[in-house]
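Content type compact mmCIF, C-alpha atoms, from the file upload04.txt:
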```
# COMPACT_ATOMS: atom_id res chain seq x y z
CA MET J 1500 -3.45 49.56 38.53
CA SER J 1501 -6.99 50.78 39.17
CA LEU J 1502 -8.44 47.62 40.69
CA ARG J 1503 -12.15 48.08 41.17
CA ALA J 1504 -13.60 47.64 44.67
CA VAL J 1505 -16.36 45.02 44.58
CA ASP J 1506 -19.35 44.98 46.92
CA ALA J 1507 -19.19 41.24 47.63
CA LEU J 1508 -17.23 38.16 46.62
CA VAL J 1509 -18.27 34.50 46.61
CA VAL J 1510 -15.61 31.80 46.23
CA ASP J 1511 -16.73 28.31 45.21
CA VAL J 1512 -14.11 25.62 45.75
CA ALA J 1513 -14.77 23.47 42.69
CA LEU J 1514 -11.72 21.28 43.28
CA ASP J 1515 -9.41 20.70 46.24
CA ASN J 1516 -7.39 17.86 47.75
CA VAL J 1517 -9.72 17.19 50.67
CA THR J 1518 -13.39 16.72 51.41
CA ASP J 1519 -14.69 17.71 54.84
CA SER J 1520 -18.42 18.16 55.18
CA TYR J 1521 -18.67 17.38 58.88
CA SER J 1522 -16.33 19.89 60.52
CA SER J 1523 -18.17 22.99 61.69
CA LYS J 1524 -17.60 26.12 59.60
CA PRO J 1525 -17.60 29.83 60.44
CA ALA J 1526 -20.61 31.89 59.39
CA HIS J 1527 -19.05 33.06 56.11
CA VAL J 1528 -18.42 29.50 54.86
CA SER J 1529 -21.25 27.37 53.52
CA PRO J 1530 -20.40 23.63 53.66
CA GLU J 1531 -20.74 21.18 50.79
CA PHE J 1532 -23.85 19.40 52.13
CA ASN J 1533 -25.79 22.68 52.25
CA ASN J 1534 -24.59 23.69 48.80
CA VAL J 1535 -25.53 20.51 46.93
CA ILE J 1536 -28.98 20.37 48.56
CA ALA J 1537 -29.55 24.02 47.68
CA ALA J 1538 -28.51 23.19 44.10
CA GLY J 1539 -31.30 20.61 43.87
CA ALA J 1540 -29.79 17.31 44.98
CA PRO J 1541 -32.65 15.02 46.10
CA GLU J 1542 -30.41 13.29 48.63
CA LEU J 1543 -26.86 13.10 49.92
CA SER J 1544 -25.04 10.34 48.07
CA GLY J 1545 -21.80 9.48 46.34
CA THR J 1546 -23.13 10.86 43.06
CA THR J 1547 -24.60 14.10 44.40
CA LEU J 1548 -21.53 15.15 46.39
CA CYS J 1549 -18.22 16.52 45.11
CA CYS J 1550 -15.07 14.50 44.60
CA ALA J 1551 -11.74 15.61 46.02
CA GLN J 1552 -8.58 15.17 43.97
CA LEU J 1553 -5.06 16.54 44.00
CA GLY J 1554 -5.36 20.05 42.57
CA LEU J 1555 -7.23 23.31 42.98
CA SER J 1556 -9.94 25.19 41.10
CA LEU J 1557 -11.76 28.28 42.35
CA VAL J 1558 -14.79 30.02 40.84
CA LEU J 1559 -14.71 33.67 41.99
CA THR J 1560 -17.93 35.68 41.60
CA ALA J 1561 -17.75 39.38 42.38
CA THR J 1562 -20.83 41.58 42.74
CA VAL J 1563 -20.76 45.28 41.84
CA GLY J 1564 -24.13 46.92 42.26
CA ASP J 1565 -26.60 44.62 40.52
CA ARG J 1566 -23.99 43.03 38.22
CA ARG J 1567 -22.01 39.84 38.75
CA HIS J 1568 -18.56 39.16 37.31
CA THR J 1569 -17.03 35.68 37.37
CA LEU J 1570 -13.44 34.47 37.02
CA LEU J 1571 -12.32 30.85 36.90
CA PHE J 1572 -8.94 30.58 38.61
CA ASP J 1573 -7.40 27.25 37.59
CA ALA J 1574 -9.42 24.22 36.53
CA GLY J 1575 -7.98 21.31 38.48
CA PRO J 1576 -6.60 18.04 37.10
CA GLU J 1577 -9.50 16.28 35.36
CA GLY J 1578 -12.27 17.68 33.17
CA ALA J 1579 -15.09 15.25 33.97
CA LEU J 1580 -14.53 15.73 37.69
CA PHE J 1581 -14.39 19.52 37.46
CA LEU J 1582 -17.64 19.68 35.47
CA ARG J 1583 -19.37 17.20 37.77
CA ASN J 1584 -18.43 19.16 40.89
CA CYS J 1585 -19.62 22.44 39.40
CA LYS J 1586 -22.92 20.82 38.38
CA ASN J 1587 -23.47 19.30 41.83
CA LEU J 1588 -22.74 22.64 43.50
CA GLY J 1589 -25.05 24.55 41.17
CA VAL J 1590 -22.10 26.65 39.99
CA SER J 1591 -22.98 27.97 36.55
CA LEU J 1592 -20.02 28.42 34.24
CA ALA J 1593 -22.07 30.24 31.62
CA GLY J 1594 -21.22 33.61 33.11
CA VAL J 1595 -17.46 33.09 33.38
CA GLY J 1596 -15.91 36.22 31.91
CA ALA J 1597 -12.34 34.93 31.86
CA ILE J 1598 -10.04 32.14 32.96
CA ALA J 1599 -6.76 32.79 34.74
CA ILE J 1600 -4.16 30.07 35.22
CA SER J 1601 -1.75 30.20 38.14
CA HIS J 1602 1.08 28.05 36.70
CA GLY J 1603 1.78 25.23 34.29
CA HIS J 1604 1.16 22.10 36.33
CA TRP J 1605 -1.29 19.36 35.41
CA ASP J 1606 -3.18 19.57 38.72
CA HIS J 1607 -4.22 23.13 37.79
CA MET J 1608 -4.51 22.81 34.00
CA GLY J 1609 -5.48 19.17 33.35
CA ALA J 1610 -9.19 20.03 33.19
CA LEU J 1611 -8.68 23.21 31.20
CA LEU J 1612 -9.72 21.95 27.77
CA ASP J 1613 -13.02 20.60 29.09
CA ALA J 1614 -13.60 23.77 31.09
CA VAL J 1615 -12.95 25.98 28.06
CA GLY J 1616 -15.19 23.86 25.85
CA HIS J 1617 -18.02 24.04 28.36
CA ILE J 1618 -17.68 27.77 29.01
CA SER J 1619 -17.26 28.88 25.40
CA GLY J 1620 -20.26 26.72 24.43
CA ALA J 1621 -21.82 28.59 21.55
CA PRO J 1622 -19.61 29.02 18.46
CA GLY J 1623 -18.10 32.46 18.09
CA LYS J 1624 -18.05 33.15 21.84
CA PRO J 1625 -14.44 32.45 22.87
CA VAL J 1626 -13.57 32.85 26.54
CA PRO J 1627 -10.38 34.80 27.38
CA CYS J 1628 -7.80 32.46 28.91
CA HIS J 1629 -4.81 34.15 30.53
CA VAL J 1630 -1.48 32.30 30.59
CA ASN J 1631 2.22 33.04 30.21
CA ALA J 1632 4.89 31.37 28.09
CA GLY J 1633 6.68 29.77 31.04
CA MET J 1634 3.74 27.44 31.66
CA PHE J 1635 4.39 25.24 28.67
CA PHE J 1636 7.75 23.64 29.45
CA GLU J 1637 7.73 19.96 30.31
CA ARG J 1638 7.86 19.49 34.08
CA GLY J 1639 8.69 16.71 36.49
CA ALA J 1640 9.84 15.95 40.01
CA ARG J 1641 12.60 13.86 41.52
CA LEU J 1642 11.09 11.29 43.85
CA SER J 1643 12.62 10.21 47.15
CA THR J 1644 13.88 7.11 45.30
CA GLY J 1645 15.90 9.34 42.94
CA GLN J 1646 13.66 8.51 39.99
CA VAL J 1647 12.29 11.36 37.87
CA ALA J 1648 8.49 11.37 37.58
CA ARG J 1649 7.32 13.23 34.48
CA PHE J 1650 4.24 15.44 34.86
CA GLN J 1651 1.32 15.22 32.46
CA ALA J 1652 1.70 17.77 29.68
CA VAL J 1653 -0.59 20.79 29.96
CA PRO J 1654 -2.76 21.89 27.00
CA SER J 1655 -0.91 23.97 24.43
CA VAL J 1656 -1.98 27.41 23.20
CA ASP J 1657 -3.11 25.87 19.88
CA MET J 1658 -5.19 23.24 21.68
CA LEU J 1659 -6.84 25.89 23.84
CA ASN J 1660 -7.64 28.12 20.89
CA ALA J 1661 -9.10 25.18 18.99
CA LYS J 1662 -11.37 24.38 21.95
CA GLY J 1663 -12.81 27.88 22.07
CA ALA J 1664 -10.39 29.93 24.14
CA ASP J 1665 -9.13 33.37 23.27
CA VAL J 1666 -5.65 32.80 24.68
CA VAL J 1667 -3.90 35.83 26.13
CA GLU J 1668 -0.24 34.86 26.53
CA SER J 1669 1.64 37.52 28.45
CA GLY J 1670 3.96 37.72 31.42
CA GLU J 1671 2.66 41.10 32.54
CA ALA J 1672 0.23 41.91 35.32
CA ARG J 1673 -3.28 42.83 34.17
CA LEU J 1674 -6.84 43.54 35.27
CA LEU J 1675 -9.57 41.10 34.25
CA VAL J 1676 -13.37 41.08 33.89
CA GLU J 1677 -14.37 44.73 34.19
CA ASP J 1678 -11.31 45.43 36.38
CA CYS J 1679 -12.68 43.31 39.25
CA PHE J 1680 -9.75 40.88 39.36
CA TYR J 1681 -5.99 41.44 39.34
CA LEU J 1682 -3.71 38.81 37.81
CA SER J 1683 -0.12 39.36 38.89
CA GLY J 1684 3.03 39.35 36.86
CA GLU J 1685 6.16 37.47 37.91
CA ILE J 1686 6.41 37.42 41.71
CA PRO J 1687 9.69 38.86 43.08
CA ARG J 1688 11.57 36.42 45.32
CA LEU J 1689 12.72 38.51 48.26
CA THR J 1690 12.71 36.49 51.46
CA SER J 1691 15.78 34.61 52.65
CA PHE J 1692 13.96 31.29 53.15
CA GLU J 1693 11.48 30.94 50.27
CA LYS J 1694 13.72 29.35 47.66
CA GLY J 1695 11.19 27.26 45.78
CA ARG J 1696 10.68 23.55 45.42
CA PRO J 1697 14.01 21.67 45.37
CA ASP J 1698 12.63 18.49 43.79
CA HIS J 1699 11.13 20.30 40.80
CA LEU J 1700 12.57 19.80 37.29
CA CYS J 1701 11.89 20.94 33.75
CA ARG J 1702 13.19 20.35 30.26
CA LYS J 1703 12.92 22.62 27.25
CA THR J 1704 12.74 19.89 24.59
CA PRO J 1705 11.30 16.34 24.67
CA ASP J 1706 14.77 14.81 24.31
CA GLY J 1707 16.61 17.37 26.39
CA PRO J 1708 18.05 16.79 29.85
CA TRP J 1709 16.06 17.39 33.01
CA GLU J 1710 17.21 20.61 34.64
CA PRO J 1711 16.61 21.95 38.16
CA ASP J 1712 13.64 24.34 38.20
CA PRO J 1713 12.98 25.14 41.86
CA LEU J 1714 11.62 28.67 41.38
CA ILE J 1715 8.72 27.90 38.99
CA LEU J 1716 8.78 31.49 37.77
CA ASP J 1717 5.58 31.19 35.73
CA GLU J 1718 3.46 31.23 38.89
CA ARG J 1719 0.93 34.05 39.32
CA TYR J 1720 -1.65 35.05 41.95
CA VAL J 1721 -5.07 36.73 41.76
CA ALA J 1722 -6.27 39.54 44.02
CA VAL J 1723 -9.71 41.06 44.64
CA HIS J 1724 -10.51 44.26 46.55
CA VAL J 1725 -13.65 43.70 48.61
CA ARG J 1726 -15.16 46.97 49.78
CA ASP J 1727 -14.94 47.59 53.56
CA ARG J 1728 -12.71 44.54 54.01
CA GLY J 1729 -9.60 44.88 51.89
CA LEU J 1730 -7.54 42.77 49.53
CA LEU J 1731 -8.16 39.05 49.23
CA VAL J 1732 -5.26 37.17 47.66
CA PHE J 1733 -5.62 33.80 45.91
CA SER J 1734 -2.38 31.84 45.55
CA SER J 1735 -2.91 28.40 44.11
CA CYS J 1736 0.39 26.79 45.13
CA SER J 1737 2.60 29.62 46.46
CA HIS J 1738 5.72 28.19 44.83
CA ALA J 1739 7.07 31.74 45.12
CA GLY J 1740 6.47 31.55 48.87
CA ILE J 1741 3.34 32.99 50.44
CA VAL J 1742 5.30 35.73 52.22
CA ASN J 1743 6.74 36.84 48.88
CA VAL J 1744 3.24 36.71 47.36
CA LEU J 1745 1.70 38.89 50.06
CA THR J 1746 4.66 41.27 50.06
CA ASN J 1747 4.12 41.82 46.34
CA ALA J 1748 0.36 42.27 46.75
CA ARG J 1749 0.91 44.89 49.45
CA ARG J 1750 3.41 46.69 47.24
CA GLU J 1751 1.08 46.65 44.22
CA PHE J 1752 -1.88 48.02 46.22
CA PRO J 1753 -0.40 50.08 49.04
CA GLY J 1754 -3.66 51.90 49.74
CA VAL J 1755 -5.68 48.70 50.31
CA PRO J 1756 -5.24 46.70 53.54
CA LEU J 1757 -4.55 43.00 53.16
CA TYR J 1758 -7.59 41.11 54.41
CA GLY J 1759 -6.92 37.46 53.71
CA VAL J 1760 -5.35 34.71 51.63
CA LEU J 1761 -6.82 31.51 50.22
CA GLY J 1762 -4.88 28.80 48.45
CA GLY J 1763 -2.14 26.23 48.58
CA LEU J 1764 0.92 27.24 50.58
CA HIS J 1765 3.06 24.27 49.47
CA LEU J 1766 4.49 23.56 52.89
CA SER J 1767 4.21 19.79 52.56
CA GLY J 1768 7.06 17.38 51.92
CA LEU J 1769 10.25 17.05 53.92
CA ALA J 1770 12.12 20.03 52.43
CA MET J 1771 9.14 22.40 52.44
CA GLU J 1772 7.99 21.49 55.95
CA ALA J 1773 11.25 22.92 57.25
CA LEU J 1774 9.97 26.35 56.15
CA ILE J 1775 6.83 26.26 58.31
CA PRO J 1776 8.24 28.21 61.32
CA ASP J 1777 9.68 30.99 59.13
CA THR J 1778 6.45 31.16 57.10
CA VAL J 1779 4.28 31.45 60.20
CA ALA J 1780 6.57 34.18 61.55
CA GLY J 1781 6.50 35.99 58.19
CA LEU J 1782 2.70 35.90 58.03
CA ARG J 1783 2.36 37.67 61.37
CA GLU J 1784 3.49 41.00 59.92
CA PHE J 1785 0.51 41.19 57.55
CA GLY J 1786 -2.19 41.14 60.23
CA LEU J 1787 -4.48 38.98 58.10
CA LYS J 1788 -8.09 38.58 59.17
CA GLN J 1789 -8.50 35.31 57.24
CA ILE J 1790 -6.05 32.55 56.29
CA MET J 1791 -7.66 29.75 54.25
CA PRO J 1792 -5.09 27.01 53.55
CA ALA J 1793 -5.89 24.64 50.69
CA HIS J 1794 -4.48 22.05 48.28
CA CYS J 1795 -0.73 21.58 48.87
CA THR J 1796 -0.43 23.27 52.28
CA GLY J 1797 -0.13 20.00 54.21
CA TRP J 1798 -1.53 19.05 57.60
CA ARG J 1799 1.57 20.04 59.54
CA ALA J 1800 1.40 23.59 58.21
CA VAL J 1801 -2.36 23.79 58.83
CA TRP J 1802 -1.76 22.63 62.42
CA ALA J 1803 0.97 25.26 62.88
CA LEU J 1804 -1.22 28.02 61.44
CA LEU J 1805 -4.12 27.10 63.70
CA ASN J 1806 -1.87 27.10 66.73
CA ALA J 1807 -0.37 30.47 65.77
CA PHE J 1808 -3.47 32.37 64.64
CA GLY J 1809 -6.47 30.46 66.00
CA GLU J 1810 -9.75 29.32 64.49
CA SER J 1811 -11.08 32.86 64.19
CA VAL J 1812 -8.48 33.46 61.47
CA VAL J 1813 -7.67 30.04 60.00
CA THR J 1814 -10.35 28.11 58.10
CA PRO J 1815 -9.04 25.17 56.04
CA SER J 1816 -10.51 24.86 52.57
CA ALA J 1817 -12.33 21.76 51.31
CA VAL J 1818 -13.93 20.82 48.02
CA GLY J 1819 -17.53 22.01 47.75
CA SER J 1820 -17.12 24.81 50.28
CA ARG J 1821 -18.44 28.29 49.49
CA PHE J 1822 -16.74 31.30 51.07
CA ALA J 1823 -18.66 34.59 51.13
CA PHE J 1824 -17.08 37.99 51.79
```

Re-express the file's structure as C-alpha cells.
Amino acid sequence: MSLRAVDALVVDVALDNVTDSYSSKPAHVSPEFNNVIAAGAPELSGTTLCCAQLGLSLVLTATVGDRRHTLLFDAGPEGALFLRNCKNLGVSLAGVGAIAISHGHWDHMGALLDAVGHISGAPGKPVPCHVNAGMFFERGARLSTGQVARFQAVPSVDMLNAKGADVVESGEARLLVEDCFYLSGEIPRLTSFEKGRPDHLCRKTPDGPWEPDPLILDERYVAVHVRDRGLLVFSSCSHAGIVNVLTNARREFPGVPLYGVLGGLHLSGLAMEALIPDTVAGLREFGLKQIMPAHCTGWRAVWALLNAFGESVVTPSAVGSRFAF
C-alpha cells in the first residue's frame, strides 16, 4: 500500500494504566504537568490532571505540509474519563478524521460510544470507525481461582451507528485519513513462542459454552511513516506477539526502516512473563530506535527492556504524555 510519509507525528496518550509525572523524560516526550498547564490549567490538582485506568487510548496527529490529520486509536475503558483527560490535555477531538480499534476488549472500546458522540458532534457528520467482525464475540478470562470472569460487552455496530459513527467493518488492511495511517489486517502468527493469551476465552452466543480463545485474531496494529525516521508501529496489546507484529510491519513496508514501537506488549501475568527473554531477543533483530512500552506490558518486561536496550531507546508510556517525532 502507498502509505504517505508524514512530516511530523504527535502522539497524545489520552489513557494508560499508569501516571508518572515526576520521572524525567527524553527531549521528544512532553510530560503531563507541562501539557495540562499549556492547555490552560490554572494549577496542578486532582481535577486538572489526567486519571490513569486499565486500558489504552492514543490520539495520533500527523502533519503533512501545513495540514494536520488525526486518528483516534482505541478509546480506553470509560467515556467520562477519556473525555476528561482529553479536555485537561487540550487535545481537541474535533479534527479526528477516523477512529481505528485494535481489538474487541472493553479496556479499548468501553469509552467508544462517548468518543464517537463527542467527535461526530454536529448531525450529519458521522466519523468513520474501523472495526472487524471478530471484535464482537463475548469475551472473558479464567482467573487463577479457576473462575471465569466475563468481560464487559463492547458496543455493537448498531449502537455505534446510532451514536454517529460510520462503521467500516472489514478484516482487510487499509489506509486511513488521507493515507497517513495504516491499519493492518489479521496479523500472521509466525514465531515459535508467541502463542497468545492462555487464560482468554470467548463464546459465540450468550448461552453457549466458554471456549479457549488464546490467539485473539481480531487484533490489529496501526503504522505511520515519519519522514527521515521510518515506520512507527502502534500495537495496543500485542496479543499476536510484538515480534509477529513487527515482522508483519516490515514485510508490508519493506522499503521503510522500522523506527519504533509504542503500545502494550502484554508480557504481564505468570504465563506471559515466561516469554520476556524470547521477546527481548526477538526485538534485537529490528534495530529499533525507540521502544515505548505501555498498558499491559508489565513492570518485569519494562525492567528487562531497559536492561537490554537502555534508556536511550526505552521510554515507558504514561497517561498525559505527549510524544513528538

Which protein, DNA or RNA residues have an atom at most 8 Å from (-2.9, 19.9, 37.5), counting all atoms listed in the file? List them as number ranges by chain. J: 1553-1555, 1574-1577, 1603-1610, 1653

Within 10 Å of J:Ser1683, counting only C-alpha atoms, which residues qualify if same-chain residues fewer than 4 places away don't, as a list in words? Ser1601, Gly1670, Glu1671, Ala1672, Arg1673, Leu1674, Glu1718, Arg1719, Tyr1720, Val1721, Ala1722, Val1744, Asn1747, Ala1748 and Glu1751 of chain J

Can you list, as a ChimeraX atom specification, every protein, DNA or RNA residue that comes within 8 Å of J:Val1595 when you count only C-alpha atoms, leaving out same-chain residues fewer than 6 positions away? /J:1568-1571,1618,1626

For each of J:Leu1557, J:Val1505, J:Val1510, J:Leu1659, take the minimum atom-to-atom distance to J:His1794, counting all atoms listed in the file, then give the residue where this is smallest. J:Leu1557

Near J:Ala1823, within 9 Å and counting only C-alpha atoms, which residues show up once chain neighbours fewer than 5 positions away are dropped, as a ChimeraX atom specification? /J:1507-1511,1526-1529

So, with only C-alpha atoms as the atoms that count, which of J:Val1615, J:Leu1588, J:Cys1795, J:Leu1559 lies closest to J:Thr1547? J:Leu1588

Using the file's own x, y and z axes, what box holds all listed atoms of stretch 1560-1569 of chain J with 3 Å on each side, keeping edges along x, y and z, and what are its centre and edge lengths in Å to one decimal, as AutoDock Vina command-line options?
```
--center_x -21.8 --center_y 41.3 --center_z 40.0 --size_x 15.6 --size_y 17.2 --size_z 11.4
```

Could you pull the residues within 8 Å of J:Gln1552, counting only C-alpha atoms, minus those fewer than 5 positions along the same chain, as an NGL selection string? :J and (1514-1517 or 1576)

Expressed in Å to a single decimal, how great is the separation between atom CA of J:Val1590 and atom CA of J:Leu1675? 20.0 Å

At what distance in Å, to one decimal, does atom CA of J:Ala1817 lie from atom CA of J:Thr1562?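 Computing the Euclidean distance for atom CA of J:Thr1562 and atom CA of J:Ala1817 yields 23.2 Å.
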
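The smallest atom-to-atom distance between J:Ile1715 and any of J:Ile1598, J:Met1771, J:Met1634, J:Leu1730, using only C-alpha atoms, is found for J:Met1634.
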
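Compared by their closest atoms to J:Lys1624, and using only C-alpha atoms, the residues J:Ser1501, J:Asn1660, J:Ser1522, J:Asn1584 rank with J:Asn1660 nearest.
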
Two-atom distance - atom CA of J:Ala1540, atom CA of J:Ala1597 (Å): 28.1 Å

Name the closest residue to J:Gly1645 among the candidates J:Asp1698, J:Leu1582, J:Leu1805, J:Phe1824; distances are taken between atoms, counting only C-alpha atoms. J:Asp1698

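Proximity of J:Pro1753, J:Gly1539, J:Gly1781, J:Gly1545 to J:Gly1740, computed with only C-alpha atoms, is greatest for J:Gly1781.
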
List the spatial neighbours of J:Val1647 as a VMD selection string - criterion: any atom at most 12 Å away, all atoms listed in the file, same-chain residues fewer than 2 positions off excluded. chain J and resid 1638 to 1645 1649 to 1650 1698 to 1702 1708 to 1711

Hey, can you pull every residue with an atom no more than 9 Å from (-25.3, 20.9, 49.3), using only C-alpha atoms, and send it as a ChimeraX atom specification? /J:1529-1540,1543,1547-1548,1587-1589,1819

Could you complete stretch 1594-1618 of chain J so that it carries N, CA and C atoms, and give it back as a short mmCIF file (atom, residue, chain, number, x, y, z; two decimals), in the frame of the given file?
```cif
data_model
loop_
_atom_site.label_atom_id
_atom_site.label_comp_id
_atom_site.auth_asym_id
_atom_site.auth_seq_id
_atom_site.Cartn_x
_atom_site.Cartn_y
_atom_site.Cartn_z
N GLY J 1594 -21.56 32.20 32.94
CA GLY J 1594 -21.22 33.61 33.11
C GLY J 1594 -19.75 33.89 33.33
N VAL J 1595 -18.89 32.87 33.17
CA VAL J 1595 -17.46 33.09 33.38
C VAL J 1595 -16.93 34.07 32.34
N GLY J 1596 -16.40 35.19 32.83
CA GLY J 1596 -15.91 36.22 31.91
C GLY J 1596 -14.49 36.01 31.47
N ALA J 1597 -13.72 35.21 32.21
CA ALA J 1597 -12.34 34.93 31.86
C ALA J 1597 -11.83 33.78 32.71
N ILE J 1598 -10.76 33.17 32.22
CA ILE J 1598 -10.04 32.14 32.96
C ILE J 1598 -8.63 32.64 33.20
N ALA J 1599 -8.15 32.47 34.43
CA ALA J 1599 -6.76 32.79 34.74
C ALA J 1599 -6.09 31.53 35.27
N ILE J 1600 -4.89 31.26 34.80
CA ILE J 1600 -4.16 30.07 35.22
C ILE J 1600 -2.96 30.49 36.06
N SER J 1601 -2.79 29.81 37.19
CA SER J 1601 -1.75 30.20 38.14
C SER J 1601 -0.36 29.78 37.65
N HIS J 1602 -0.22 28.55 37.15
CA HIS J 1602 1.08 28.05 36.70
C HIS J 1602 0.88 26.75 35.92
N GLY J 1603 1.91 26.32 35.24
CA GLY J 1603 1.78 25.23 34.29
C GLY J 1603 1.99 23.85 34.86
N HIS J 1604 1.16 23.45 35.79
CA HIS J 1604 1.16 22.10 36.33
C HIS J 1604 -0.17 21.42 36.05
N TRP J 1605 -0.12 20.12 35.81
CA TRP J 1605 -1.29 19.36 35.41
C TRP J 1605 -2.43 19.43 36.43
N ASP J 1606 -2.12 19.56 37.72
CA ASP J 1606 -3.18 19.57 38.72
C ASP J 1606 -3.93 20.90 38.77
N HIS J 1607 -3.51 21.85 37.93
CA HIS J 1607 -4.22 23.13 37.79
C HIS J 1607 -4.71 23.35 36.36
N MET J 1608 -4.15 22.60 35.40
CA MET J 1608 -4.51 22.81 34.00
C MET J 1608 -5.05 21.56 33.31
N GLY J 1609 -5.05 20.41 33.99
CA GLY J 1609 -5.48 19.17 33.35
C GLY J 1609 -6.92 19.20 32.87
N ALA J 1610 -7.77 19.94 33.56
CA ALA J 1610 -9.19 20.03 33.19
C ALA J 1610 -9.48 21.20 32.28
N LEU J 1611 -8.46 21.92 31.86
CA LEU J 1611 -8.68 23.21 31.20
C LEU J 1611 -9.40 23.08 29.86
N LEU J 1612 -9.05 22.09 29.07
CA LEU J 1612 -9.72 21.95 27.77
C LEU J 1612 -11.22 21.72 27.93
N ASP J 1613 -11.59 20.85 28.86
CA ASP J 1613 -13.02 20.60 29.09
C ASP J 1613 -13.70 21.84 29.65
N ALA J 1614 -13.02 22.55 30.53
CA ALA J 1614 -13.60 23.77 31.09
C ALA J 1614 -13.83 24.82 30.00
N VAL J 1615 -12.83 25.01 29.15
CA VAL J 1615 -12.95 25.98 28.06
C VAL J 1615 -14.10 25.59 27.12
N GLY J 1616 -14.14 24.32 26.75
CA GLY J 1616 -15.19 23.86 25.85
C GLY J 1616 -16.58 24.08 26.42
N HIS J 1617 -16.72 23.86 27.71
CA HIS J 1617 -18.02 24.04 28.36
C HIS J 1617 -18.39 25.51 28.47
N ILE J 1618 -17.41 26.34 28.81
CA ILE J 1618 -17.68 27.77 29.01
C ILE J 1618 -17.94 28.47 27.68
#
```
